[in-house]
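Q: Next up, target_28.json (JSON, C-alpha atoms).
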```json
[["chain", "number", "residue", "atom", "x", "y", "z"],
["A", 1, "MET", "CA", 18.22, 22.01, -12.08],
["A", 2, "SER", "CA", 17.85, 18.95, -14.30],
["A", 3, "ALA", "CA", 16.14, 19.10, -17.68],
["A", 4, "PRO", "CA", 13.27, 16.75, -16.62],
["A", 5, "MET", "CA", 12.59, 18.89, -13.56],
["A", 6, "ASP", "CA", 12.66, 22.06, -15.66],
["A", 7, "ARG", "CA", 10.10, 20.42, -17.91],
["A", 8, "ALA", "CA", 7.91, 19.32, -14.97],
["A", 9, "ILE", "CA", 7.88, 22.90, -13.68],
["A", 10, "ASP", "CA", 7.07, 24.24, -17.15],
["A", 11, "LEU", "CA", 4.13, 21.81, -17.25],
["A", 12, "SER", "CA", 2.91, 23.06, -13.87],
["A", 13, "TRP", "CA", 2.80, 26.65, -15.13],
["A", 14, "ALA", "CA", 1.18, 25.62, -18.41],
["A", 15, "ALA", "CA", -1.58, 23.64, -16.69],
["A", 16, "MET", "CA", -2.36, 26.56, -14.42],
["A", 17, "ASN", "CA", -2.25, 29.21, -17.15],
["A", 18, "ALA", "CA", -4.41, 27.11, -19.48],
["A", 19, "GLY", "CA", -7.00, 26.58, -16.75],
["A", 20, "GLU", "CA", -6.53, 22.82, -16.86],
["A", 21, "GLY", "CA", -6.01, 22.47, -13.12],
["A", 22, "GLY", "CA", -3.61, 23.30, -10.30],
["A", 23, "PRO", "CA", 0.07, 24.18, -10.79],
["A", 24, "PHE", "CA", 1.51, 20.67, -10.87],
["A", 25, "GLY", "CA", 3.60, 18.95, -13.54],
["A", 26, "ALA", "CA", 5.42, 15.62, -13.76],
["A", 27, "VAL", "CA", 7.81, 13.84, -16.11],
["A", 28, "ILE", "CA", 8.84, 10.16, -16.15],
["A", 29, "VAL", "CA", 12.30, 9.33, -17.45],
["A", 30, "ARG", "CA", 14.02, 6.01, -18.14],
["A", 31, "ASP", "CA", 17.67, 5.80, -19.16],
["A", 32, "GLY", "CA", 17.68, 9.53, -19.81],
["A", 33, "VAL", "CA", 14.68, 9.36, -22.16],
["A", 34, "VAL", "CA", 11.34, 11.00, -21.36],
["A", 35, "ILE", "CA", 8.69, 8.25, -21.36],
["A", 36, "ALA", "CA", 5.68, 10.36, -20.42],
["A", 37, "GLU", "CA", 4.58, 13.75, -19.12],
["A", 38, "GLY", "CA", 1.55, 14.81, -17.12],
["A", 39, "ALA", "CA", 0.00, 17.88, -15.60],
["A", 40, "ASN", "CA", -2.82, 18.41, -13.17],
["A", 41, "CYS", "CA", -6.13, 18.34, -15.04],
["A", 42, "VAL", "CA", -8.56, 17.68, -12.17],
["A", 43, "THR", "CA", -11.01, 20.46, -12.87],
["A", 44, "SER", "CA", -10.86, 20.40, -16.67],
["A", 45, "THR", "CA", -11.42, 16.64, -16.96],
["A", 46, "ASN", "CA", -13.72, 16.16, -13.95],
["A", 47, "ASP", "CA", -11.31, 13.63, -12.48],
["A", 48, "PRO", "CA", -10.15, 14.19, -8.89],
["A", 49, "THR", "CA", -7.43, 11.55, -9.44],
["A", 50, "ALA", "CA", -5.94, 13.38, -12.44],
["A", 51, "HIS", "CA", -2.96, 14.76, -10.55],
["A", 52, "ALA", "CA", 0.22, 15.33, -12.55],
["A", 53, "GLU", "CA", 1.97, 12.22, -11.19],
["A", 54, "ILE", "CA", -1.01, 9.89, -11.66],
["A", 55, "THR", "CA", -1.47, 11.17, -15.20],
["A", 56, "ALA", "CA", 2.22, 10.68, -16.03],
["A", 57, "ILE", "CA", 2.28, 7.18, -14.49],
["A", 58, "ARG", "CA", -0.79, 6.11, -16.43],
["A", 59, "ARG", "CA", 0.65, 7.46, -19.67],
["A", 60, "ALA", "CA", 4.08, 5.91, -19.10],
["A", 61, "CYS", "CA", 2.52, 2.50, -18.46],
["A", 62, "ALA", "CA", 0.35, 2.86, -21.57],
["A", 63, "THR", "CA", 3.41, 3.79, -23.63],
["A", 64, "LEU", "CA", 5.50, 0.91, -22.33],
["A", 65, "GLY", "CA", 2.65, -1.61, -22.23],
["A", 66, "THR", "CA", 3.46, -2.58, -18.65],
["A", 67, "PHE", "CA", 1.88, -2.10, -15.24],
["A", 68, "THR", "CA", 5.17, -1.32, -13.53],
["A", 69, "LEU", "CA", 7.84, 1.29, -14.14],
["A", 70, "GLN", "CA", 11.03, -0.28, -12.79],
["A", 71, "GLY", "CA", 14.04, 1.68, -13.97],
["A", 72, "CYS", "CA", 12.07, 4.90, -14.20],
["A", 73, "VAL", "CA", 12.46, 8.15, -12.26],
["A", 74, "LEU", "CA", 9.46, 10.38, -11.52],
["A", 75, "TYR", "CA", 10.19, 14.10, -11.57],
["A", 76, "THR", "CA", 7.43, 16.23, -10.12],
["A", 77, "SER", "CA", 7.15, 19.97, -9.54],
["A", 78, "CYS", "CA", 5.76, 19.37, -6.03],
["A", 79, "GLU", "CA", 6.11, 16.70, -3.36],
["A", 80, "PRO", "CA", 3.55, 14.01, -4.23],
["A", 81, "CYS", "CA", 0.38, 13.89, -2.14],
["A", 82, "PRO", "CA", -0.30, 10.54, -0.43],
["A", 83, "MET", "CA", -2.38, 9.41, -3.43],
["A", 84, "CYS", "CA", 0.47, 10.07, -5.85],
["A", 85, "LEU", "CA", 3.18, 8.81, -3.50],
["A", 86, "ALA", "CA", 1.37, 5.50, -3.08],
["A", 87, "ALA", "CA", 0.86, 5.36, -6.86],
["A", 88, "ALA", "CA", 4.63, 5.76, -7.29],
["A", 89, "TYR", "CA", 5.15, 2.76, -5.00],
["A", 90, "TRP", "CA", 2.52, 0.69, -6.83],
["A", 91, "ALA", "CA", 4.21, 1.62, -10.14],
["A", 92, "ARG", "CA", 7.59, 0.51, -8.71],
["A", 93, "VAL", "CA", 9.45, 3.58, -9.92],
["A", 94, "ASP", "CA", 13.09, 3.63, -8.84],
["A", 95, "ARG", "CA", 13.11, 7.14, -7.46],
["A", 96, "VAL", "CA", 11.11, 10.36, -7.06],
["A", 97, "VAL", "CA", 12.53, 13.88, -7.37],
["A", 98, "TYR", "CA", 10.34, 16.78, -6.26],
["A", 99, "ALA", "CA", 10.72, 20.57, -6.10],
["A", 100, "SER", "CA", 8.15, 22.37, -3.92],
["A", 101, "THR", "CA", 7.07, 20.82, -0.65],
["A", 102, "ARG", "CA", 3.71, 19.80, 0.78],
["A", 103, "ALA", "CA", 3.93, 22.90, 2.99],
["A", 104, "THR", "CA", 4.18, 25.19, -0.01],
["A", 105, "ALA", "CA", 1.21, 23.43, -1.62],
["A", 106, "ALA", "CA", -0.74, 23.71, 1.63],
["A", 107, "ALA", "CA", -0.07, 27.44, 1.84],
["A", 108, "ALA", "CA", -1.67, 27.75, -1.60],
["A", 109, "GLY", "CA", -4.81, 25.95, -0.44],
["A", 110, "PHE", "CA", -4.09, 22.35, -1.43],
["A", 111, "ASP", "CA", -4.77, 19.46, 0.94],
["A", 112, "ASP", "CA", -1.44, 17.64, 0.57],
["A", 113, "ALA", "CA", -0.13, 18.24, 4.10],
["A", 114, "PHE", "CA", -3.57, 17.65, 5.64],
["A", 115, "LEU", "CA", -3.84, 14.34, 3.80],
["A", 116, "TYR", "CA", -0.47, 13.14, 5.13],
["A", 117, "ASP", "CA", -1.82, 13.75, 8.63],
["A", 118, "GLU", "CA", -5.13, 12.03, 7.89],
["A", 119, "VAL", "CA", -3.66, 8.93, 6.22],
["A", 120, "ALA", "CA", -1.39, 8.34, 9.22],
["A", 121, "LYS", "CA", -4.34, 8.25, 11.64],
["A", 122, "ALA", "CA", -6.30, 5.20, 12.70],
["A", 123, "PRO", "CA", -9.43, 4.85, 10.54],
["A", 124, "ALA", "CA", -11.77, 5.81, 13.38],
["A", 125, "GLU", "CA", -9.86, 9.04, 14.09],
["A", 126, "ARG", "CA", -10.01, 10.51, 10.60],
["A", 127, "SER", "CA", -12.21, 13.42, 9.54],
["A", 128, "LEU", "CA", -13.56, 11.22, 6.72],
["A", 129, "PRO", "CA", -15.87, 8.65, 8.33],
["A", 130, "LEU", "CA", -14.71, 5.10, 7.62],
["A", 131, "GLU", "CA", -16.91, 2.20, 8.62],
["A", 132, "HIS", "CA", -15.58, -1.34, 8.91],
["A", 133, "ALA", "CA", -18.23, -3.86, 7.80],
["A", 134, "PRO", "CA", -16.50, -7.25, 8.01],
["A", 135, "SER", "CA", -17.57, -9.90, 5.51],
["A", 136, "GLU", "CA", -16.63, -13.54, 5.17],
["A", 137, "ALA", "CA", -17.24, -13.41, 1.41],
["A", 138, "ALA", "CA", -14.79, -10.53, 1.08],
["A", 139, "ASP", "CA", -12.13, -12.27, 3.16],
["A", 140, "GLN", "CA", -12.65, -15.51, 1.22],
["A", 141, "ALA", "CA", -11.79, -13.69, -2.01],
["A", 142, "PHE", "CA", -8.31, -13.10, -0.59],
["A", 143, "ALA", "CA", -8.02, -16.75, 0.40],
["A", 144, "ALA", "CA", -8.99, -17.65, -3.16],
["A", 145, "TRP", "CA", -6.37, -15.24, -4.50],
["A", 146, "ILE", "CA", -3.68, -16.91, -2.38],
["A", 147, "GLY", "CA", -4.59, -20.28, -3.90],
["A", 148, "LYS", "CA", -5.13, -19.03, -7.47],
["A", 149, "ALA", "CA", -2.72, -20.83, -9.80],
["A", 150, "ASP", "CA", -2.85, -18.44, -12.76],
["A", 151, "LYS", "CA", -2.83, -15.11, -10.93],
["A", 152, "ILE", "CA", -0.68, -12.19, -12.06],
["A", 153, "PRO", "CA", 0.73, -10.58, -8.90],
["A", 154, "TYR", "CA", 1.45, -6.87, -8.88],
["B", 1, "MET", "CA", -24.65, -6.76, 4.70],
["B", 2, "SER", "CA", -25.88, -3.88, 2.55],
["B", 3, "ALA", "CA", -26.74, -4.30, -1.11],
["B", 4, "PRO", "CA", -23.94, -1.97, -2.30],
["B", 5, "MET", "CA", -21.37, -3.89, -0.25],
["B", 6, "ASP", "CA", -22.70, -7.20, -1.57],
["B", 7, "ARG", "CA", -22.21, -5.82, -5.07],
["B", 8, "ALA", "CA", -18.68, -4.56, -4.30],
["B", 9, "ILE", "CA", -17.75, -8.02, -3.06],
["B", 10, "ASP", "CA", -19.30, -9.65, -6.14],
["B", 11, "LEU", "CA", -17.18, -7.32, -8.28],
["B", 12, "SER", "CA", -14.05, -8.33, -6.38],
["B", 13, "TRP", "CA", -14.67, -12.01, -7.14],
["B", 14, "ALA", "CA", -15.56, -11.30, -10.76],
["B", 15, "ALA", "CA", -12.39, -9.26, -11.37],
["B", 16, "MET", "CA", -10.25, -12.01, -9.92],
["B", 17, "ASN", "CA", -12.02, -14.83, -11.73],
["B", 18, "ALA", "CA", -11.91, -13.01, -15.07],
["B", 19, "GLY", "CA", -8.19, -12.34, -14.66],
["B", 20, "GLU", "CA", -8.71, -8.59, -14.73],
["B", 21, "GLY", "CA", -6.75, -7.94, -11.56],
["B", 22, "GLY", "CA", -6.74, -8.51, -7.82],
["B", 23, "PRO", "CA", -9.87, -9.28, -5.74],
["B", 24, "PHE", "CA", -11.10, -5.77, -5.16],
["B", 25, "GLY", "CA", -14.47, -4.20, -6.00],
["B", 26, "ALA", "CA", -16.10, -0.85, -5.26],
["B", 27, "VAL", "CA", -19.48, 0.83, -5.64],
["B", 28, "ILE", "CA", -20.40, 4.52, -5.29],
["B", 29, "VAL", "CA", -23.91, 5.36, -4.12],
["B", 30, "ARG", "CA", -25.77, 8.65, -3.81],
["B", 31, "ASP", "CA", -29.22, 8.89, -2.27],
["B", 32, "GLY", "CA", -29.54, 5.12, -2.48],
["B", 33, "VAL", "CA", -28.75, 5.03, -6.20],
["B", 34, "VAL", "CA", -25.64, 3.37, -7.62],
["B", 35, "ILE", "CA", -23.68, 6.03, -9.51],
["B", 36, "ALA", "CA", -20.71, 3.90, -10.56],
["B", 37, "GLU", "CA", -18.94, 0.60, -10.02],
["B", 38, "GLY", "CA", -15.32, -0.40, -10.35],
["B", 39, "ALA", "CA", -13.07, -3.39, -9.95],
["B", 40, "ASN", "CA", -9.33, -3.79, -9.87],
["B", 41, "CYS", "CA", -7.99, -3.97, -13.41],
["B", 42, "VAL", "CA", -4.31, -3.15, -12.83],
["B", 43, "THR", "CA", -2.80, -6.05, -14.73],
["B", 44, "SER", "CA", -5.35, -6.28, -17.54],
["B", 45, "THR", "CA", -5.21, -2.57, -18.41],
["B", 46, "ASN", "CA", -1.53, -1.90, -17.60],
["B", 47, "ASP", "CA", -2.50, 0.78, -15.13],
["B", 48, "PRO", "CA", -1.08, 0.54, -11.60],
["B", 49, "THR", "CA", -3.58, 3.19, -10.48],
["B", 50, "ALA", "CA", -6.59, 1.18, -11.68],
["B", 51, "HIS", "CA", -7.65, 0.04, -8.23],
["B", 52, "ALA", "CA", -11.35, -0.58, -7.67],
["B", 53, "GLU", "CA", -11.90, 2.66, -5.75],
["B", 54, "ILE", "CA", -9.98, 4.87, -8.19],
["B", 55, "THR", "CA", -11.86, 3.29, -11.09],
["B", 56, "ALA", "CA", -15.23, 3.82, -9.40],
["B", 57, "ILE", "CA", -14.39, 7.42, -8.44],
["B", 58, "ARG", "CA", -13.30, 8.28, -11.99],
["B", 59, "ARG", "CA", -16.45, 6.72, -13.43],
["B", 60, "ALA", "CA", -18.76, 8.40, -10.92],
["B", 61, "CYS", "CA", -17.26, 11.80, -11.68],
["B", 62, "ALA", "CA", -17.57, 11.16, -15.42],
["B", 63, "THR", "CA", -21.20, 10.15, -14.96],
["B", 64, "LEU", "CA", -22.06, 13.18, -12.84],
["B", 65, "GLY", "CA", -19.89, 15.62, -14.79],
["B", 66, "THR", "CA", -18.23, 16.88, -11.61],
["B", 67, "PHE", "CA", -14.82, 16.62, -9.97],
["B", 68, "THR", "CA", -16.22, 16.06, -6.50],
["B", 69, "LEU", "CA", -18.59, 13.50, -5.06],
["B", 70, "GLN", "CA", -20.21, 15.25, -2.12],
["B", 71, "GLY", "CA", -23.23, 13.29, -0.94],
["B", 72, "CYS", "CA", -21.77, 10.00, -2.12],
["B", 73, "VAL", "CA", -20.74, 6.90, -0.16],
["B", 74, "LEU", "CA", -17.90, 4.68, -1.35],
["B", 75, "TYR", "CA", -18.40, 0.98, -0.62],
["B", 76, "THR", "CA", -15.29, -1.12, -1.13],
["B", 77, "SER", "CA", -14.61, -4.80, -0.58],
["B", 78, "CYS", "CA", -11.32, -3.98, 1.16],
["B", 79, "GLU", "CA", -9.94, -1.10, 3.22],
["B", 80, "PRO", "CA", -8.60, 1.44, 0.72],
["B", 81, "CYS", "CA", -4.83, 1.62, 0.28],
["B", 82, "PRO", "CA", -3.31, 5.09, 0.89],
["B", 83, "MET", "CA", -3.66, 5.94, -2.81],
["B", 84, "CYS", "CA", -7.37, 5.17, -2.78],
["B", 85, "LEU", "CA", -7.98, 6.67, 0.65],
["B", 86, "ALA", "CA", -6.42, 9.97, -0.45],
["B", 87, "ALA", "CA", -8.46, 9.78, -3.67],
["B", 88, "ALA", "CA", -11.62, 9.46, -1.55],
["B", 89, "TYR", "CA", -10.63, 12.65, 0.30],
["B", 90, "TRP", "CA", -9.84, 14.50, -2.93],
["B", 91, "ALA", "CA", -13.22, 13.37, -4.28],
["B", 92, "ARG", "CA", -14.94, 14.67, -1.13],
["B", 93, "VAL", "CA", -17.07, 11.57, -0.63],
["B", 94, "ASP", "CA", -19.15, 11.70, 2.54],
["B", 95, "ARG", "CA", -18.18, 8.28, 3.87],
["B", 96, "VAL", "CA", -16.31, 5.07, 3.12],
["B", 97, "VAL", "CA", -17.50, 1.58, 4.05],
["B", 98, "TYR", "CA", -15.03, -1.31, 3.72],
["B", 99, "ALA", "CA", -15.13, -5.04, 4.38],
["B", 100, "SER", "CA", -11.71, -6.75, 4.52],
["B", 101, "THR", "CA", -8.81, -5.00, 6.22],
["B", 102, "ARG", "CA", -5.34, -3.96, 5.06],
["B", 103, "ALA", "CA", -4.01, -6.87, 7.14],
["B", 104, "THR", "CA", -6.07, -9.38, 5.18],
["B", 105, "ALA", "CA", -4.87, -7.83, 1.92],
["B", 106, "ALA", "CA", -1.27, -7.90, 3.17],
["B", 107, "ALA", "CA", -1.56, -11.59, 4.04],
["B", 108, "ALA", "CA", -2.54, -12.20, 0.41],
["B", 109, "GLY", "CA", 0.56, -10.42, -0.85],
["B", 110, "PHE", "CA", -0.72, -6.89, -1.41],
["B", 111, "ASP", "CA", 1.26, -3.84, -0.26],
["B", 112, "ASP", "CA", -1.58, -1.97, 1.44],
["B", 113, "ALA", "CA", -0.31, -2.26, 5.03],
["B", 114, "PHE", "CA", 3.29, -1.65, 3.95],
["B", 115, "LEU", "CA", 2.24, 1.51, 2.14],
["B", 116, "TYR", "CA", 0.49, 2.91, 5.21],
["B", 117, "ASP", "CA", 3.78, 2.51, 7.07],
["B", 118, "GLU", "CA", 5.78, 4.09, 4.26],
["B", 119, "VAL", "CA", 3.50, 7.10, 3.69],
["B", 120, "ALA", "CA", 3.68, 7.97, 7.40],
["B", 121, "LYS", "CA", 7.49, 8.15, 7.35],
["B", 122, "ALA", "CA", 9.60, 11.23, 6.69],
["B", 123, "PRO", "CA", 10.59, 11.31, 3.01],
["B", 124, "ALA", "CA", 14.25, 10.51, 3.73],
["B", 125, "GLU", "CA", 13.31, 7.40, 5.73],
["B", 126, "ARG", "CA", 11.23, 5.66, 3.08],
["B", 127, "SER", "CA", 12.30, 2.61, 1.08],
["B", 128, "LEU", "CA", 11.49, 4.56, -2.10],
["B", 129, "PRO", "CA", 14.21, 7.19, -2.55],
["B", 130, "LEU", "CA", 12.77, 10.71, -2.61],
["B", 131, "GLU", "CA", 15.03, 13.61, -3.46],
["B", 132, "HIS", "CA", 14.07, 17.20, -2.67],
["B", 133, "ALA", "CA", 15.34, 19.56, -5.39],
["B", 134, "PRO", "CA", 14.06, 23.01, -4.37],
["B", 135, "SER", "CA", 13.20, 25.41, -7.17],
["B", 136, "GLU", "CA", 12.17, 29.04, -7.11],
["B", 137, "ALA", "CA", 10.23, 28.61, -10.35],
["B", 138, "ALA", "CA", 8.20, 25.78, -8.80],
["B", 139, "ASP", "CA", 7.45, 27.76, -5.66],
["B", 140, "GLN", "CA", 6.53, 30.82, -7.71],
["B", 141, "ALA", "CA", 3.84, 28.77, -9.48],
["B", 142, "PHE", "CA", 2.08, 28.40, -6.13],
["B", 143, "ALA", "CA", 2.40, 32.12, -5.46],
["B", 144, "ALA", "CA", 0.85, 32.72, -8.87],
["B", 145, "TRP", "CA", -1.96, 30.29, -8.03],
["B", 146, "ILE", "CA", -2.73, 32.19, -4.82],
["B", 147, "GLY", "CA", -3.10, 35.38, -6.83],
["B", 148, "LYS", "CA", -4.92, 33.86, -9.81],
["B", 149, "ALA", "CA", -8.30, 35.57, -10.19],
["B", 150, "ASP", "CA", -10.04, 32.95, -12.35],
["B", 151, "LYS", "CA", -8.80, 29.76, -10.68],
["B", 152, "ILE", "CA", -11.08, 26.84, -9.95],
["B", 153, "PRO", "CA", -10.10, 25.51, -6.49],
["B", 154, "TYR", "CA", -10.54, 21.81, -5.72]]
```
For the file at hand, write its structure as structure tokens.
A:
Amino acid sequence: MSAPMDRAIDLSWAAMNAGEGGPFGAVIVRDGVVIAEGANCVTSTNDPTAHAEITAIRRACATLGTFTLQGCVLYTSCEPCPMCLAAAYWARVDRVVYASTRATAAAAGFDDAFLYDEVAKAPAERSLPLEHAPSEAADQAFAAWIGKADKIPY
Amino acid sequence: MSAPMDRAIDLSWAAMNAGEGGPFGAVIVRDGVVIAEGANCVTSTNDPTAHAEITAIRRACATLGTFTLQGCVLYTSCEPCPMCLAAAYWARVDRVVYASTRATAAAAGFDDAFLYDEVAKAPAERSLPLEHAPSEAADQAFAAWIGKADKIPY
């Protein structure tokens, strides 16, 4: 087991034992150097998005002063949920290494596996009601973005 | 068009015009009262997770002092990406209303539609390399969670 993964797993135990949140830890490494760490702190910070990976990504970007993490590897004690997996894509990390699987998380009562099933469904077939309310003003914002000369793409 | 959606769309334009990020806005409402607003501020805050919906969810939870948003509706100017959709599930909102679609966002250069395709794939088939590194210590953390007497589930 690699040192960053050992650390991610240590963080998962620490978060759980300290009552900060679920047993999830993450470490972001670039060129062999740890850039940031994170652990699940959903219940202790009243932030349902404060998963270990999201927390580590936010901290790594703050440390580096960038909104992307090219060249970085995300080590996480458990397979990222769809929220955290998509965040890893948005952050442009090079690679993700995970230990436990979504099935193991699901067996402990977490929604990770369920959410993979839900996200893959058509909006109308999901258990969370999604209503499409088309709007010309909303679509025009995207047209304006396409033509915006000074935009910063991400 | 509803007042909360009008506001979400206004926020999308304002974020874009102020150079805070892409053209995305969101509003969270409970019992007809606006609890929180958010706009995309990825590039201005160096936070790839700072999408409109994530920002609004974090603010609503901070305002209410809770880690779930039962009874709330999330209005967003664009169909949530998989990160934000999963965040809406984790936050337990009652419903999501969106205006533009992932296809409209994709045509403006955003990865939303691509990410739906990626998240639905098996880990080994994704464009982002994911490596499974099984660990007994990681799995044991979930066993410990199952048996933890004072845990706060979420």
Q: Please build the interface table for chain A against chain B with a cut-off of 6 Å, listing for each qualifying residue the nearest atom pair and the distance in Å to one decimal; count only C-alpha atoms, order rows by chain and increasing number, and write it as CSV.
A:
```
residue,atom,partner,partner_atom,distance
A:Ile9,CA,B:Ala138,CA,5.7
A:Asn46,CA,B:Phe67,CA,4.2
A:Asp47,CA,B:Phe67,CA,5.2
A:Pro48,CA,B:Phe67,CA,5.4
A:Arg58,CA,B:Asp47,CA,5.7
A:Thr66,CA,B:Asn46,CA,5.1
A:Phe67,CA,B:Asn46,CA,4.2
A:Ser77,CA,B:Ala138,CA,6.0
A:Met83,CA,B:Met83,CA,3.8
A:Ala86,CA,B:Met83,CA,5.1
A:Trp90,CA,B:Pro48,CA,6.0
A:Ala91,CA,B:Pro48,CA,5.6
A:Arg95,CA,B:Pro129,CA,5.0
A:Val96,CA,B:Leu130,CA,4.8
A:Val97,CA,B:Glu131,CA,4.6
A:Tyr98,CA,B:His132,CA,5.2
A:Ala99,CA,B:Pro134,CA,4.5
A:Ser100,CA,B:Asp139,CA,5.7
A:Ala108,CA,B:Ile146,CA,5.6
A:Ala120,CA,B:Ala120,CA,5.4
A:Pro129,CA,B:Arg95,CA,5.0
A:Leu130,CA,B:Val96,CA,4.8
A:Glu131,CA,B:Val97,CA,4.6
A:His132,CA,B:Tyr98,CA,5.2
A:Ala133,CA,B:Ala99,CA,4.8
A:Pro134,CA,B:Ala99,CA,4.5
A:Ser135,CA,B:Ala99,CA,5.6
A:Ala138,CA,B:Ile9,CA,5.7
A:Asp139,CA,B:Ser100,CA,5.7
A:Phe142,CA,B:Ala108,CA,5.9
A:Ile146,CA,B:Ala108,CA,5.6
```
Q: Could you check how far CA of Ile35 in chain B sits from CA of Arg102 in chain B, in Å to one decimal?
A: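 Here the two named atoms are 25.5 Å from each other.
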Q: Could you jot down the CA of Glu53 in chain B to CA of Ala26 in chain B separation for me, Å, one decimal place?
A: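 Between CA of Glu53 in chain B and CA of Ala26 in chain B the gap works out to 5.5 Å.
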Q: Determine, counting all atoms listed in the file, which protein, DNA and RNA residues have an atom within 10 Å of an atom of Gly32 in chain B; residues of the same chain fewer than 4 positions away are not included. Present the result as number ranges by chain.
A: B: 3-4, 28, 72-73
Q: For CA of Phe114 in chain B and CA of Cys41 in chain B, determine how far apart the two atoms are, in Å to one decimal place.
A: 20.8 Å
